[in-house]
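Trainee: My questions will all concern the structure given below.
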Amino acid sequence: MKAFRFTLEAVHTLRLRQENDALEQYSRALLIRQQALAALETVRDRIQANWVEMRQLLAGLCAAAQMRQLQDFHRALEQRQQECVAALRAAERSVHAASQNMLLARQQREIVDSYRDKQIARHQRAEAREEQKVIDEFAGRRSPLLNLSPS
């Protein structure tokens with residue numbers, strides 16, 4: 001009996017590597033998106049804290065210069081928030097693209113796996129036929145000996 005040998009083993013290895021690379025890219029894209037989301041949440045928290053501080057200053061007596069400084073800081077935070085939103089959108093697009101690449105790589109690997117499974121099944125059927133031939137041949141050789149009867 002001859003051992004199974006997959007004719008497209010190199011392609012199978014390549015497809016596995018491509019799928020792993022795509023999975024790593026997807027993982028990195030998810031991490032970048034998470035970082036962008038965390039940065040946005042941080043900026044939003046700082047904006048909220050800035051609002052609280054401005055309300056407290058307005059409730060009491062404060063210098064116009066101090067209020068102006070807080071308003072300028074608030075505008076800078078709002079600008080930073082817009083930048084974070086843009087970065088988050090870009091990260092979302094990157095996650096989507098990486099997801100599509102990962103799905104495509106998986107499909108391509110599954111196609112090769114399917115072909116490999118068919119080759120294995122074909123090999124196993126051929127082995128079974130060969131084994132049956134050997135069994136039939138042994139059975140055919142043995143039958144004349146069984147027909148000999150002491151007369």
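Note on naming: chains are A, B, ... as they come in the structure tokens, residues start from 1 per chain, ligands start from 1 in the order shown.
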Skip Ala49 of chain A itself and residues of its chain fewer than 5 positions away, then list as number ranges by chain all residues within 12 Å of it, counting only C-alpha atoms.

Mentor: A: 42-44, 54-56, 70, 73-74, 77

Trainee: Could you state the separation of atom CA of Arg33 of chain A and atom CA of Leu88 of chain A in Å, given to one decimal place?

Mentor: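 That distance, rounded to one decimal, is 6.1 Å.
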
Trainee: Which residues are close to segment 6-17 of chain A, i.e. within 8 Å by only C-alpha atoms, leaving aside same-chain residues fewer than 4 positions away? Reply as a list of chain:residue names.

Mentor: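 Result of the neighbour search: A:Asp21, A:Ala105, A:Gln108, A:Arg109, A:Val112, A:Asp113, A:Arg116, A:Gln119, A:Ile120.
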
Trainee: At a cut-off of 12 Å, using only C-alpha atoms, what residues contact Leu23 of chain A? Leave out same-chain residues fewer than 2 positions from it and give the result as a VMD selection string.

Mentor: chain A and resid 16 to 21 25 to 30 95 97 to 106

Trainee: Under the rule that only C-alpha atoms are counted, which of A:Leu40, A:Ala3, A:Val134, A:Leu61 is the nearest residue to Ala86 of chain A?

Mentor: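 Residue with the minimum atom-to-atom distance to Ala86 of chain A: A:Leu40.
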
Trainee: Any idea what the distance is between atom CA of Leu57 of chain A and atom CA of Ala39 of chain A?

Mentor: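 That distance, rounded to one decimal, is 26.9 Å.
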
Trainee: Quick one: residues within 12 Å of Arg89 of chain A, only C-alpha atoms counted, chain neighbours fewer than 2 positions away excluded, as a PyMOL selection string?

Mentor: chain A and resi 29+32-34+36-37+40+82-87+91-96

Trainee: Write the selection just made, keeping all heavy atoms, as a compact mmCIF listing (two decimals), in the first residue's frame?

Mentor:
```txt
# COMPACT_ATOMS: atom_id res chain seq x y z
N ALA A 29 -5.78 45.23 13.23
CA ALA A 29 -6.79 46.25 12.91
C ALA A 29 -7.77 46.40 14.07
O ALA A 29 -8.17 47.52 14.41
CB ALA A 29 -7.52 45.87 11.62
N ILE A 32 -6.00 48.40 16.79
CA ILE A 32 -5.92 49.82 16.44
C ILE A 32 -7.29 50.48 16.63
O ILE A 32 -7.38 51.59 17.16
CB ILE A 32 -5.40 50.00 15.00
CG1 ILE A 32 -3.93 49.61 14.94
CG2 ILE A 32 -5.61 51.41 14.50
CD1 ILE A 32 -3.35 49.49 13.54
N ARG A 33 -8.36 49.77 16.25
CA ARG A 33 -9.70 50.32 16.45
C ARG A 33 -9.99 50.49 17.94
O ARG A 33 -10.54 51.51 18.35
CB ARG A 33 -10.75 49.42 15.82
CG ARG A 33 -12.18 50.00 16.00
CD ARG A 33 -13.24 49.11 15.50
NE ARG A 33 -13.33 47.93 16.36
CZ ARG A 33 -14.16 46.94 16.15
NH1 ARG A 33 -14.96 46.94 15.13
NH2 ARG A 33 -14.19 45.91 16.97
N GLN A 34 -9.59 49.51 18.74
CA GLN A 34 -9.80 49.61 20.18
C GLN A 34 -9.04 50.79 20.77
O GLN A 34 -9.54 51.50 21.63
CB GLN A 34 -9.40 48.30 20.86
CG GLN A 34 -9.70 48.27 22.34
CD GLN A 34 -11.19 48.39 22.62
OE1 GLN A 34 -12.02 47.92 21.87
NE2 GLN A 34 -11.51 49.05 23.71
N ALA A 36 -8.17 53.51 19.14
CA ALA A 36 -8.84 54.73 18.68
C ALA A 36 -10.09 55.00 19.51
O ALA A 36 -10.37 56.15 19.87
CB ALA A 36 -9.19 54.62 17.20
N LEU A 37 -10.83 53.97 19.82
CA LEU A 37 -12.03 54.12 20.64
C LEU A 37 -11.66 54.58 22.05
O LEU A 37 -12.33 55.46 22.61
CB LEU A 37 -12.78 52.79 20.69
CG LEU A 37 -14.14 52.79 21.38
CD1 LEU A 37 -15.09 53.78 20.71
CD2 LEU A 37 -14.74 51.40 21.35
N LEU A 40 -10.80 58.23 21.94
CA LEU A 40 -12.02 59.04 21.83
C LEU A 40 -12.73 59.14 23.17
O LEU A 40 -13.18 60.22 23.57
CB LEU A 40 -12.94 58.44 20.77
CG LEU A 40 -14.27 59.16 20.55
CD1 LEU A 40 -14.05 60.60 20.12
CD2 LEU A 40 -15.12 58.41 19.53
N GLN A 82 -12.77 65.52 17.21
CA GLN A 82 -13.03 65.32 15.78
C GLN A 82 -11.93 64.47 15.14
O GLN A 82 -12.21 63.61 14.30
CB GLN A 82 -13.16 66.67 15.07
CG GLN A 82 -14.41 67.43 15.43
CD GLN A 82 -14.44 68.82 14.83
OE1 GLN A 82 -13.50 69.25 14.15
NE2 GLN A 82 -15.54 69.54 15.06
N GLU A 83 -10.69 64.71 15.55
CA GLU A 83 -9.58 63.91 15.03
C GLU A 83 -9.72 62.45 15.45
O GLU A 83 -9.46 61.54 14.66
CB GLU A 83 -8.25 64.48 15.51
CG GLU A 83 -7.91 65.84 14.93
CD GLU A 83 -6.74 66.51 15.64
OE1 GLU A 83 -6.19 65.92 16.60
OE2 GLU A 83 -6.40 67.63 15.24
N CYS A 84 -10.13 62.25 16.70
CA CYS A 84 -10.32 60.88 17.20
C CYS A 84 -11.46 60.17 16.46
O CYS A 84 -11.37 58.98 16.16
CB CYS A 84 -10.57 60.89 18.70
SG CYS A 84 -9.11 61.25 19.69
N VAL A 85 -12.52 60.90 16.18
CA VAL A 85 -13.64 60.32 15.43
C VAL A 85 -13.18 59.92 14.03
O VAL A 85 -13.50 58.84 13.54
CB VAL A 85 -14.83 61.30 15.38
CG1 VAL A 85 -15.87 60.86 14.36
CG2 VAL A 85 -15.47 61.44 16.76
N ALA A 86 -12.39 60.79 13.40
CA ALA A 86 -11.86 60.47 12.06
C ALA A 86 -10.95 59.25 12.13
O ALA A 86 -11.01 58.37 11.25
CB ALA A 86 -11.12 61.67 11.48
N ALA A 87 -10.12 59.18 13.16
CA ALA A 87 -9.22 58.02 13.32
C ALA A 87 -10.03 56.75 13.56
O ALA A 87 -9.69 55.69 13.03
CB ALA A 87 -8.25 58.26 14.47
N ALA A 91 -10.12 53.44 11.30
CA ALA A 91 -9.86 52.13 11.90
C ALA A 91 -10.99 51.17 11.59
O ALA A 91 -10.75 49.98 11.33
CB ALA A 91 -9.67 52.28 13.41
N GLU A 92 -12.23 51.66 11.60
CA GLU A 92 -13.38 50.81 11.25
C GLU A 92 -13.27 50.32 9.81
O GLU A 92 -13.54 49.16 9.52
CB GLU A 92 -14.70 51.58 11.44
CG GLU A 92 -15.08 51.80 12.88
CD GLU A 92 -15.56 50.55 13.58
OE1 GLU A 92 -15.84 49.53 12.91
OE2 GLU A 92 -15.63 50.59 14.81
N ARG A 93 -12.88 51.21 8.91
CA ARG A 93 -12.70 50.81 7.50
C ARG A 93 -11.59 49.77 7.39
O ARG A 93 -11.70 48.80 6.64
CB ARG A 93 -12.40 52.02 6.63
CG ARG A 93 -13.60 52.92 6.38
CD ARG A 93 -13.32 53.97 5.31
NE ARG A 93 -12.23 54.86 5.67
CZ ARG A 93 -12.36 55.98 6.39
NH1 ARG A 93 -13.54 56.35 6.83
NH2 ARG A 93 -11.31 56.73 6.67
N SER A 94 -10.53 49.97 8.16
CA SER A 94 -9.41 49.02 8.14
C SER A 94 -9.85 47.65 8.68
O SER A 94 -9.47 46.62 8.12
CB SER A 94 -8.26 49.58 8.98
OG SER A 94 -7.19 48.69 9.01
N VAL A 95 -10.65 47.65 9.73
CA VAL A 95 -11.16 46.39 10.28
C VAL A 95 -12.03 45.69 9.25
O VAL A 95 -11.92 44.47 9.05
CB VAL A 95 -11.96 46.64 11.59
CG1 VAL A 95 -12.79 45.43 11.98
CG2 VAL A 95 -11.02 47.02 12.71
N HIS A 96 -12.87 46.45 8.58
CA HIS A 96 -13.75 45.85 7.56
C HIS A 96 -12.92 45.24 6.43
O HIS A 96 -13.19 44.10 6.01
CB HIS A 96 -14.72 46.90 7.01
CG HIS A 96 -15.62 46.38 5.96
ND1 HIS A 96 -16.65 45.50 6.23
CD2 HIS A 96 -15.65 46.57 4.62
CE1 HIS A 96 -17.27 45.19 5.11
NE2 HIS A 96 -16.68 45.83 4.12
```

Trainee: Report, in Å to a single decimal, how far apart atom CA of Glu24 of chain A and atom CA of Arg80 of chain A are.

Mentor: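 That distance, rounded to one decimal, is 29.4 Å.
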
Trainee: When distances are computed from only C-alpha atoms, which of A:Arg141, A:Arg75, A:Lys133, A:Arg68 shows the smallest separation from Ile47 of chain A?

Mentor: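 Of all the options, A:Arg75 lies closest to Ile47 of chain A.
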